[in-house]
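Content type mmCIF, C-alpha atoms, from the file protein-v5.cif:
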```cif
data_start
loop_
_atom_site.label_atom_id
_atom_site.label_comp_id
_atom_site.auth_asym_id
_atom_site.auth_seq_id
_atom_site.Cartn_x
_atom_site.Cartn_y
_atom_site.Cartn_z
CA MET A 1 93.65 -62.82 -42.72
CA SER A 2 93.33 -63.53 -46.43
CA LYS A 3 94.57 -66.28 -48.66
CA VAL A 4 96.68 -65.69 -51.78
CA ASN A 5 96.80 -68.64 -54.14
CA ILE A 6 100.08 -69.43 -55.85
CA GLU A 7 100.06 -73.12 -56.92
CA LYS A 8 103.54 -73.16 -58.41
CA LYS A 9 106.47 -75.51 -58.41
CA ILE A 10 109.10 -74.07 -56.09
CA LEU A 11 111.68 -74.65 -58.81
CA SER A 12 109.55 -73.14 -61.58
CA GLY A 13 112.24 -70.46 -62.05
CA ASN A 14 114.88 -73.13 -62.67
CA ASP A 15 112.52 -75.08 -64.94
CA ARG A 16 111.91 -71.98 -67.08
CA VAL A 17 115.63 -71.46 -67.65
CA ALA A 18 116.02 -75.20 -68.34
CA ILE A 19 113.45 -74.91 -71.14
CA GLU A 20 115.45 -72.01 -72.65
CA ASN A 21 118.65 -74.06 -72.41
CA ARG A 22 116.96 -77.06 -74.04
CA GLN A 23 115.85 -74.86 -76.92
CA ARG A 24 119.37 -73.45 -77.41
CA PHE A 25 120.87 -76.94 -77.37
CA SER A 26 118.23 -78.15 -79.76
CA ASP A 27 118.75 -75.23 -82.16
CA ALA A 28 122.43 -76.13 -82.28
CA GLY A 29 121.54 -79.78 -82.98
CA LEU A 30 123.18 -81.04 -79.79
CA LEU A 31 122.54 -84.18 -77.78
CA VAL A 32 122.96 -83.26 -74.11
CA PHE A 33 123.66 -85.55 -71.16
CA ASN A 34 123.38 -84.66 -67.46
CA ILE A 35 125.56 -87.16 -65.60
CA ILE A 36 124.78 -87.60 -61.92
CA SER A 37 126.46 -89.83 -59.33
CA SER A 38 128.25 -89.88 -55.99
CA PRO A 39 131.82 -88.55 -55.93
CA GLY A 40 134.25 -91.23 -57.05
CA SER A 41 131.86 -93.43 -58.97
CA GLY A 42 133.72 -92.83 -62.23
CA LYS A 43 131.99 -89.99 -64.09
CA THR A 44 135.22 -88.40 -65.31
CA THR A 45 136.86 -91.76 -66.08
CA LEU A 46 133.81 -92.72 -68.17
CA LEU A 47 134.10 -89.38 -70.01
CA GLU A 48 137.80 -89.95 -70.69
CA ALA A 49 137.14 -93.42 -72.12
CA THR A 50 134.14 -92.13 -74.11
CA LEU A 51 136.20 -89.28 -75.57
CA ASP A 52 138.89 -91.76 -76.65
CA ARG A 53 136.29 -93.93 -78.38
CA LEU A 54 134.51 -91.09 -80.17
CA ALA A 55 137.63 -89.10 -81.11
CA GLY A 56 137.60 -87.95 -84.71
CA GLU A 57 134.00 -88.85 -85.47
CA THR A 58 131.98 -86.94 -82.86
CA ARG A 59 132.66 -83.44 -81.57
CA ILE A 60 132.22 -83.26 -77.82
CA LEU A 61 131.85 -80.43 -75.34
CA VAL A 62 132.08 -81.02 -71.61
CA ILE A 63 130.68 -78.83 -68.85
CA GLU A 64 132.28 -79.86 -65.57
CA GLY A 65 130.60 -79.10 -62.25
CA ASP A 66 132.62 -79.28 -59.05
CA VAL A 67 132.75 -77.46 -55.76
CA SER A 68 136.31 -76.40 -56.55
CA THR A 69 139.35 -76.94 -58.81
CA GLU A 70 139.73 -77.41 -62.57
CA ARG A 71 140.99 -80.97 -62.15
CA ASP A 72 138.19 -82.70 -64.04
CA MET A 73 138.33 -80.17 -66.89
CA ASP A 74 142.08 -80.72 -67.19
CA ARG A 75 141.49 -84.47 -67.39
CA VAL A 76 138.88 -84.34 -70.17
CA ARG A 77 140.88 -81.69 -72.08
CA ALA A 78 143.79 -84.12 -72.12
CA HIS A 79 141.44 -86.50 -73.96
CA GLY A 80 140.51 -83.94 -76.59
CA ALA A 81 137.35 -82.31 -75.23
CA ASP A 82 136.60 -78.62 -75.30
CA GLY A 83 134.47 -77.18 -72.57
CA ILE A 84 134.30 -75.25 -69.36
CA GLN A 85 134.57 -75.86 -65.64
CA ILE A 86 131.91 -74.49 -63.30
CA ASN A 87 132.95 -74.19 -59.66
CA THR A 88 129.93 -74.00 -57.39
CA GLY A 89 131.95 -72.86 -54.35
CA GLY A 90 130.13 -75.17 -51.96
CA GLY A 91 126.92 -75.63 -53.92
CA CYS A 92 125.86 -79.28 -54.07
CA HIS A 93 124.35 -79.24 -57.58
CA LEU A 94 124.35 -77.43 -60.91
CA SER A 95 121.31 -75.30 -61.78
CA ALA A 96 119.86 -74.35 -65.15
CA LYS A 97 121.04 -70.77 -64.62
CA MET A 98 124.64 -71.87 -64.02
CA ILE A 99 124.52 -73.70 -67.36
CA ARG A 100 122.92 -70.73 -69.15
CA ASP A 101 125.64 -68.44 -67.81
CA VAL A 102 128.42 -70.42 -69.52
CA LEU A 103 126.70 -71.23 -72.83
CA GLY A 104 128.02 -68.02 -74.42
CA GLU A 105 131.57 -69.24 -73.88
CA LEU A 106 131.04 -72.52 -75.74
CA ALA A 107 131.11 -73.19 -79.49
CA LEU A 108 127.76 -74.97 -79.46
CA GLU A 109 127.31 -74.97 -83.24
CA ALA A 110 130.60 -76.78 -83.74
CA ALA A 111 129.69 -79.72 -81.50
CA ASP A 112 127.52 -82.87 -81.60
CA ILE A 113 127.31 -83.83 -77.93
CA VAL A 114 127.49 -82.00 -74.62
CA PHE A 115 128.26 -83.98 -71.49
CA ILE A 116 127.39 -82.09 -68.32
CA GLU A 117 129.16 -83.71 -65.39
CA ASN A 118 127.17 -82.66 -62.36
CA VAL A 119 128.62 -82.11 -58.88
CA GLY A 120 129.27 -85.49 -57.22
CA ASN A 121 126.10 -86.02 -55.20
CA LEU A 122 123.34 -88.61 -55.49
CA ILE A 123 120.58 -86.45 -54.00
CA CYS A 124 120.41 -82.75 -54.83
CA PRO A 125 121.20 -82.73 -58.58
CA SER A 126 118.21 -84.99 -59.29
CA THR A 127 115.83 -82.10 -58.53
CA TYR A 128 117.33 -79.61 -61.01
CA ASP A 129 116.52 -79.82 -64.71
CA LEU A 130 119.43 -78.32 -66.66
CA GLY A 131 117.86 -78.57 -70.11
CA GLU A 132 119.45 -81.92 -70.95
CA ASP A 133 118.04 -84.60 -73.25
CA ILE A 134 119.21 -87.48 -71.13
CA ARG A 135 119.50 -87.58 -67.37
CA MET A 136 121.74 -90.47 -66.42
CA VAL A 137 123.02 -91.87 -63.16
CA LEU A 138 126.20 -93.82 -62.45
CA LEU A 139 126.51 -96.34 -59.63
CA SER A 140 129.89 -97.96 -59.09
CA THR A 141 130.16 -101.51 -57.81
CA ALA A 142 132.34 -100.24 -54.94
CA GLU A 143 129.47 -98.13 -53.58
CA GLY A 144 127.31 -101.17 -52.85
CA ASP A 145 124.19 -102.71 -54.35
CA ASP A 146 121.77 -101.15 -51.84
CA LYS A 147 121.90 -97.65 -53.29
CA PRO A 148 118.86 -97.40 -55.61
CA MET A 149 116.36 -97.75 -52.74
CA LYS A 150 118.47 -95.56 -50.43
CA TYR A 151 118.62 -92.75 -52.99
CA PRO A 152 115.43 -93.40 -54.93
CA SER A 153 114.84 -89.99 -56.43
CA ILE A 154 117.66 -90.02 -58.99
CA PHE A 155 116.88 -93.59 -60.07
CA HIS A 156 113.24 -92.60 -60.42
CA GLU A 157 114.22 -89.65 -62.65
CA ALA A 158 117.02 -91.13 -64.75
CA GLU A 159 116.54 -92.44 -68.26
CA LEU A 160 119.77 -94.42 -68.13
CA ALA A 161 121.66 -96.01 -65.24
CA ILE A 162 125.21 -97.24 -65.71
CA ILE A 163 126.82 -99.64 -63.27
CA THR A 164 130.51 -98.74 -63.39
CA LYS A 165 133.72 -100.47 -62.28
CA ILE A 166 132.42 -103.96 -63.10
CA ASP A 167 136.06 -105.12 -63.29
CA LEU A 168 135.93 -105.03 -59.47
CA LEU A 169 133.02 -107.49 -59.23
CA PRO A 170 135.23 -110.50 -58.37
CA TYR A 171 136.39 -108.69 -55.23
CA LEU A 172 133.05 -107.33 -54.03
CA GLU A 173 129.66 -108.56 -52.87
CA PHE A 174 127.66 -106.61 -55.41
CA ASP A 175 124.50 -108.19 -56.83
CA VAL A 176 124.07 -106.74 -60.32
CA GLU A 177 120.69 -108.44 -60.74
CA LYS A 178 119.35 -106.98 -57.47
CA VAL A 179 120.35 -103.48 -58.57
CA GLY A 180 118.58 -104.02 -61.89
CA THR A 181 115.42 -105.16 -60.08
CA GLU A 182 115.43 -102.20 -57.68
CA ILE A 183 115.93 -99.71 -60.51
CA GLY A 184 113.15 -101.46 -62.46
CA VAL A 185 110.73 -100.95 -59.57
CA LEU A 186 111.62 -97.29 -59.15
CA ASN A 187 111.56 -96.60 -62.86
CA PRO A 188 110.47 -99.34 -65.30
CA GLU A 189 111.59 -97.22 -68.30
CA CYS A 190 115.16 -96.78 -67.06
CA GLU A 191 117.73 -98.64 -69.14
CA VAL A 192 120.62 -100.24 -67.25
CA LEU A 193 124.10 -100.72 -68.72
CA LYS A 194 127.20 -102.08 -67.00
CA LEU A 195 130.78 -101.39 -67.90
CA SER A 196 134.35 -100.84 -66.87
CA ALA A 197 135.65 -97.59 -68.34
CA LEU A 198 139.14 -98.52 -67.20
CA LYS A 199 139.30 -102.04 -68.70
CA GLY A 200 136.90 -101.47 -71.59
CA GLU A 201 134.31 -104.18 -70.87
CA GLY A 202 130.82 -102.97 -71.78
CA MET A 203 132.10 -99.79 -73.45
CA ASP A 204 130.94 -100.93 -76.92
CA VAL A 205 127.31 -101.09 -75.78
CA TRP A 206 127.55 -97.61 -74.25
CA ILE A 207 129.12 -96.15 -77.40
CA GLU A 208 126.39 -97.80 -79.51
CA TRP A 209 123.75 -96.38 -77.15
CA ILE A 210 125.15 -92.86 -77.67
CA GLY A 211 125.25 -93.37 -81.45
CA LYS A 212 121.64 -94.50 -81.51
CA ARG A 213 120.47 -91.50 -79.48
CA LEU A 214 122.52 -89.13 -81.63
CA GLU A 215 120.82 -90.50 -84.74
CA MET A 216 117.38 -90.13 -83.14
CA LYS A 217 118.17 -86.54 -82.18
CA ARG A 218 119.40 -85.72 -85.70
CA ALA A 219 116.35 -87.34 -87.29
CA ALA A 220 114.09 -85.16 -85.13
CA ARG A 221 115.90 -81.98 -86.15
CA PRO A 222 114.30 -80.01 -88.95
CA VAL A 223 116.68 -79.61 -91.88
CA ALA A 224 117.84 -75.99 -92.36
CA GLY A 225 116.04 -74.18 -95.13
CA GLU A 226 112.96 -76.39 -95.11
CA MET B 1 121.95 -80.20 -48.62
CA HIS B 2 120.12 -78.16 -51.23
CA GLU B 3 117.34 -77.01 -48.88
CA LEU B 4 118.94 -73.55 -48.67
CA SER B 5 118.78 -73.19 -52.43
CA ILE B 6 115.19 -74.53 -52.52
CA CYS B 7 114.36 -71.98 -49.84
CA GLN B 8 115.84 -69.13 -51.89
CA SER B 9 113.77 -70.17 -54.92
CA MET B 10 110.65 -70.30 -52.76
CA LEU B 11 111.34 -66.86 -51.27
CA GLY B 12 111.78 -65.48 -54.79
CA ILE B 13 108.20 -66.55 -55.57
CA VAL B 14 106.96 -65.22 -52.22
CA GLU B 15 108.62 -61.82 -52.78
CA LYS B 16 107.06 -61.49 -56.22
CA THR B 17 103.64 -62.35 -54.82
CA MET B 18 103.99 -59.99 -51.85
CA ALA B 19 104.98 -57.14 -54.19
CA GLU B 20 101.38 -57.29 -55.46
CA HIS B 21 100.17 -56.73 -51.88
CA PRO B 22 102.41 -53.86 -50.74
CA ASN B 23 100.49 -53.09 -47.54
CA ALA B 24 100.10 -56.66 -46.37
CA THR B 25 102.04 -58.61 -43.77
CA LEU B 26 102.98 -62.19 -44.56
CA GLU B 27 101.83 -64.64 -41.88
CA ARG B 28 102.15 -68.16 -43.30
CA ILE B 29 103.56 -69.95 -46.34
CA PHE B 30 101.95 -73.28 -47.33
CA LEU B 31 104.02 -75.89 -49.14
CA ASP B 32 103.44 -79.39 -50.46
CA ILE B 33 106.61 -81.45 -50.07
CA GLY B 34 106.59 -85.05 -51.27
CA ARG B 35 108.52 -87.64 -49.28
CA GLY B 36 110.25 -88.72 -52.46
CA SER B 37 111.20 -85.18 -53.46
CA THR B 38 114.75 -85.20 -51.99
CA VAL B 39 113.85 -82.24 -49.78
CA GLU B 40 113.86 -82.85 -46.06
CA SER B 41 111.14 -80.86 -44.25
CA THR B 42 113.10 -80.26 -41.03
CA LEU B 43 116.14 -79.03 -42.93
CA LEU B 44 113.91 -76.84 -45.07
CA SER B 45 112.35 -75.24 -41.96
CA GLU B 46 115.81 -74.67 -40.48
CA ALA B 47 117.04 -73.14 -43.72
CA PHE B 48 113.97 -70.90 -43.79
CA GLU B 49 114.69 -69.63 -40.26
CA VAL B 50 118.31 -68.88 -41.10
CA ILE B 51 117.56 -67.18 -44.39
CA THR B 52 114.70 -64.99 -43.07
CA SER B 53 116.39 -64.04 -39.81
CA GLY B 54 116.66 -60.25 -39.47
CA GLY B 55 114.59 -59.62 -42.60
CA PRO B 56 110.97 -58.70 -43.32
CA TYR B 57 109.83 -62.35 -43.20
CA GLU B 58 111.38 -63.18 -39.81
CA GLY B 59 108.82 -65.09 -37.74
CA VAL B 60 106.68 -66.09 -40.74
CA GLU B 61 105.35 -69.61 -40.29
CA LEU B 62 106.29 -72.26 -42.85
CA VAL B 63 103.49 -74.82 -43.03
CA ILE B 64 104.72 -77.98 -44.75
CA ASN B 65 102.21 -80.53 -45.97
CA ASP B 66 104.15 -83.78 -46.02
CA ILE B 67 102.90 -85.83 -48.99
CA PRO B 68 103.38 -89.59 -48.76
CA ILE B 69 104.44 -91.60 -51.77
CA ALA B 70 101.29 -93.03 -53.34
CA GLY B 71 100.82 -95.34 -56.25
CA ARG B 72 98.90 -98.18 -57.82
CA CYS B 73 99.84 -101.79 -58.43
CA ARG B 74 99.34 -102.86 -62.03
CA SER B 75 99.10 -106.53 -61.01
CA CYS B 76 96.52 -106.52 -58.19
CA GLU B 77 95.17 -103.06 -59.10
CA ARG B 78 95.25 -101.88 -55.48
CA ASP B 79 96.17 -98.32 -54.50
CA PHE B 80 98.82 -97.94 -51.84
CA THR B 81 100.85 -95.34 -49.93
CA TYR B 82 104.44 -95.62 -48.77
CA GLU B 83 106.15 -93.76 -45.97
CA GLU B 84 109.20 -94.02 -48.21
CA PHE B 85 110.06 -95.73 -51.49
CA ALA B 86 109.81 -99.49 -51.15
CA LEU B 87 110.39 -102.53 -53.28
CA GLY B 88 107.08 -103.38 -54.86
CA CYS B 89 103.38 -103.48 -53.99
CA PRO B 90 102.70 -103.75 -50.24
CA SER B 91 99.73 -106.07 -50.91
CA CYS B 92 100.90 -108.59 -53.48
CA GLY B 93 104.62 -107.85 -53.74
CA SER B 94 104.52 -107.24 -57.47
CA THR B 95 107.19 -104.91 -58.80
CA ASP B 96 104.90 -103.73 -61.59
CA ILE B 97 103.78 -100.51 -59.91
CA GLU B 98 103.29 -96.87 -60.82
CA ILE B 99 103.87 -93.92 -58.51
CA HIS B 100 101.32 -91.08 -58.63
CA SER B 101 102.40 -88.66 -55.95
CA GLY B 102 105.11 -88.01 -53.40
CA LEU B 103 107.51 -86.05 -55.61
CA GLU B 104 105.85 -82.65 -55.04
CA LEU B 105 107.91 -79.55 -54.38
CA ASP B 106 105.18 -76.93 -54.62
CA ILE B 107 104.25 -73.61 -53.08
CA LYS B 108 100.47 -73.67 -52.65
CA HIS B 109 99.36 -70.39 -51.09
CA LEU B 110 100.13 -67.61 -48.62
CA GLU B 111 98.20 -66.26 -45.68
CA ILE B 112 98.52 -62.51 -45.38
CA ASN B 113 97.14 -59.72 -43.22
CA GLU B 114 95.99 -56.73 -45.23
CA ASP B 115 95.69 -53.62 -43.09
#
```
In structure tokens, write the structure found in this file.
Amino acid sequence: MSKVNIEKKILSGNDRVAIENRQRFSDAGLLVFNIISSPGSGKTTLLEATLDRLAGETRILVIEGDVSTERDMDRVRAHGADGIQINTGGGCHLSAKMIRDVLGELALEAADIVFIENVGNLICPSTYDLGEDIRMVLLSTAEGDDKPMKYPSIFHEAELAIITKIDLLPYLEFDVEKVGTEIGVLNPECEVLKLSALKGEGMDVWIEWIGKRLEMKRAARPVAGE
Amino acid sequence: MHELSICQSMLGIVEKTMAEHPNATLERIFLDIGRGSTVESTLLSEAFEVITSGGPYEGVELVINDIPIAGRCRSCERDFTYEEFALGCPSCGSTDIEIHSGLELDIKHLEINED
């Protein structure tokens, strides 16, 4: 019996493609978000409201990931986004390769931001780098305030956590402060925002956050010809 | 349930490695799986059985080294390990902690028989 050393990350293949994707996004000057949450926590509704706010000033592409149907893509198209729907046919997450396979169909150079809406799932997508700049997680008030510790991986990985559906707070026992504390323990660098995409509360802060990150990304981009 | 897809990625690496040892038989695959990695060891073993059934790697043993979540408290400066993620330092309760390990998802080595 002999031993053959490997010492590799199991997902090193995915990570390699993610690096290629990140380079392509970066070459096109794009700011890319990977949005992760449970089904029904308001990813698409947040995108709709964000598209309405940024209409005319920021050009947005959306890559929608779902097990089946084009429903989410239809919704964001109705709010002015271009993009593409990926159907995973049962797969519980998007992978870097799935993103790479659709990049040729998107007008990357003509856009400022790409929102990748991952398959609704709080576990599996957290393991797969897609090549995004910002990995963010949504937690809706209706899901309950015990989720960060129950699904720690995504909160550990995310750079931004958004508590959604805060208009429902009067009807729920959801401790916003407790959620903030739990996220802080799992990931002290994670920023936490709270908003209601439907009623508009907190949307200004989110839109400002995007603007700030877009500026940072543009400042880091070498000017063509230099 | 992404263990099947993790398993496929792992087998991709195994196949590439075994191609460099064309006359060898694969006996064991050694993995490090962190408890905070989102991959469940039992499900991974089950996925491995399903995916290798009827193929050249049927019966190969998957040896999973379960890595606990380990970290250090910045307040009391003690090291600690968790069975699973918990809220703060187990000694002093401080929430100012850093996690060092427990997120691994690595293939370490293979055991092969070269005839």
Atom CA of A:Gly42 to atom CA of A:Ala197, straight-line distance in Å
8.0 Å
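Distances here use all atoms listed in the file; by that measure, the residue among A:Ile84, A:Leu94, A:Met73, A:Ile154 closest to A:Val137 is A:Ile154.
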Counting all atoms listed in the file, what is within 6 Å of B:Ile69, bar same-chain residues fewer than 5 positions away, as a list of chain:residue names?
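In the requested format, the answer is B:Thr81, B:Tyr82, B:Ser101, B:Gly102.
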Closest-contact table, chain A side, partner chain B, 7 Å, counting all atoms listed in the file, as JSON lines:
```
{"residue": "A:Met1", "atom": "CA", "partner": "B:Asn113", "partner_atom": "CA", "distance": 4.7}
{"residue": "A:Ser2", "atom": "CA", "partner": "B:Ile112", "partner_atom": "CA", "distance": 5.4}
{"residue": "A:Lys3", "atom": "CA", "partner": "B:Glu111", "partner_atom": "CA", "distance": 4.7}
{"residue": "A:Val4", "atom": "CA", "partner": "B:Leu110", "partner_atom": "CA", "distance": 5.1}
{"residue": "A:Asn5", "atom": "CA", "partner": "B:His109", "partner_atom": "CA", "distance": 4.3}
{"residue": "A:Ile6", "atom": "CA", "partner": "B:His109", "partner_atom": "CA", "distance": 4.9}
{"residue": "A:Glu7", "atom": "CA", "partner": "B:Lys108", "partner_atom": "CA", "distance": 4.3}
{"residue": "A:Lys8", "atom": "CA", "partner": "B:Ile107", "partner_atom": "CA", "distance": 5.4}
{"residue": "A:Lys9", "atom": "CA", "partner": "B:Asp106", "partner_atom": "CA", "distance": 4.2}
{"residue": "A:Ile10", "atom": "CA", "partner": "B:Asp106", "partner_atom": "CA", "distance": 5.1}
{"residue": "A:Leu11", "atom": "CA", "partner": "B:Ser9", "partner_atom": "CA", "distance": 6.3}
{"residue": "A:Cys92", "atom": "CA", "partner": "B:His2", "partner_atom": "CA", "distance": 6.5}
{"residue": "A:Ile123", "atom": "CA", "partner": "B:Thr38", "partner_atom": "CA", "distance": 6.3}
{"residue": "A:Cys124", "atom": "CA", "partner": "B:His2", "partner_atom": "CA", "distance": 5.8}
{"residue": "A:Met149", "atom": "CA", "partner": "B:Phe85", "partner_atom": "CA", "distance": 6.7}
{"residue": "A:Pro152", "atom": "CA", "partner": "B:Phe85", "partner_atom": "CA", "distance": 6.8}
{"residue": "A:Ser153", "atom": "CA", "partner": "B:Gly36", "partner_atom": "CA", "distance": 6.2}
{"residue": "A:Glu182", "atom": "CA", "partner": "B:Leu87", "partner_atom": "CA", "distance": 6.7}
{"residue": "A:Val185", "atom": "CA", "partner": "B:Thr95", "partner_atom": "CA", "distance": 5.4}
```
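Put simply, atom CA of A:Ile116 is 23.1 Å away from atom CA of A:Ala142.
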Need to verify the contact set: stretch 160-173 of chain A, 6 Å, all atoms listed in the file, exclusion of same-chain residues closer than 6 positions in sequence. Can you return it as a list in words?
Met136, Val137, Leu138, Leu139, Ser140, Thr141, Cys190, Glu191, Val192, Leu193, Lys194, Leu195 and Ser196 of chain A
With C-alpha atoms retained, write the just-selected residues as a PDB file, in the frame of the given file.
```pdb
ATOM      1  CA  MET A 136     121.740 -90.470 -66.420  1.00  0.00           C
ATOM      2  CA  VAL A 137     123.020 -91.870 -63.160  1.00  0.00           C
ATOM      3  CA  LEU A 138     126.200 -93.820 -62.450  1.00  0.00           C
ATOM      4  CA  LEU A 139     126.510 -96.340 -59.630  1.00  0.00           C
ATOM      5  CA  SER A 140     129.890 -97.960 -59.090  1.00  0.00           C
ATOM      6  CA  THR A 141     130.160-101.510 -57.810  1.00  0.00           C
ATOM      7  CA  CYS A 190     115.160 -96.780 -67.060  1.00  0.00           C
ATOM      8  CA  GLU A 191     117.730 -98.640 -69.140  1.00  0.00           C
ATOM      9  CA  VAL A 192     120.620-100.240 -67.250  1.00  0.00           C
ATOM     10  CA  LEU A 193     124.100-100.720 -68.720  1.00  0.00           C
ATOM     11  CA  LYS A 194     127.200-102.080 -67.000  1.00  0.00           C
ATOM     12  CA  LEU A 195     130.780-101.390 -67.900  1.00  0.00           C
ATOM     13  CA  SER A 196     134.350-100.840 -66.870  1.00  0.00           C
TER      14      SER A 196
END
```
Report, in Å to a single decimal, how far apart atom CA of A:Arg24 and atom CA of A:Glu109 are.
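Computed distance, atom CA of A:Glu109 to atom CA of A:Arg24, equals 10.0 Å.
Residues matching the PyMOL selection byres ((chain A and resi 129) around 10) in this structure come to Leu11, Asn14, Asp15, Arg16, Val17, Ala18, Ile19, Asn21, Arg22, Asn34, Leu94, Ser95, Ala96, Pro125, Ser126, Thr127, Tyr128, Leu130, Gly131, Glu132, Asp133 and Arg135 of chain A.
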Write out as JSON, numbers by chain each polymer residue whose atoms come within 9 Å of A:Ser68, counting all atoms listed in the file; drop sequence neighbours fewer than 2 positions from it.
{"A": [65, 66, 70, 71, 86, 87, 88, 89, 90]}
Which residues fall under the PyMOL selection byres ((chain A and resi 49-58) around 9) in this file, as a PyMOL selection string?
chain A and resi 44-48+59-60+76+79-81+111-113+197-198+200+203-204+206-207
Considering all atoms listed in the file, state which residue in the set B:Cys76, B:Glu15, B:Pro22, B:Ser91 is at the smallest distance from B:Tyr57.
B:Glu15
To verify the selection step, state as JSON, numbers by chain which residues the PyMOL selection byres ((chain A and resi 107) around 10) yields on this input.
{"A": [28, 61, 82, 83, 103, 104, 105, 106, 108, 109, 110, 111]}
So, with all atoms listed in the file as the atoms that count, which of A:Arg213, A:Arg75, A:His156, A:Lys43 lies closest to A:Asn121?
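Using all atoms listed in the file, the shortest distance to A:Asn121 belongs to A:Lys43.
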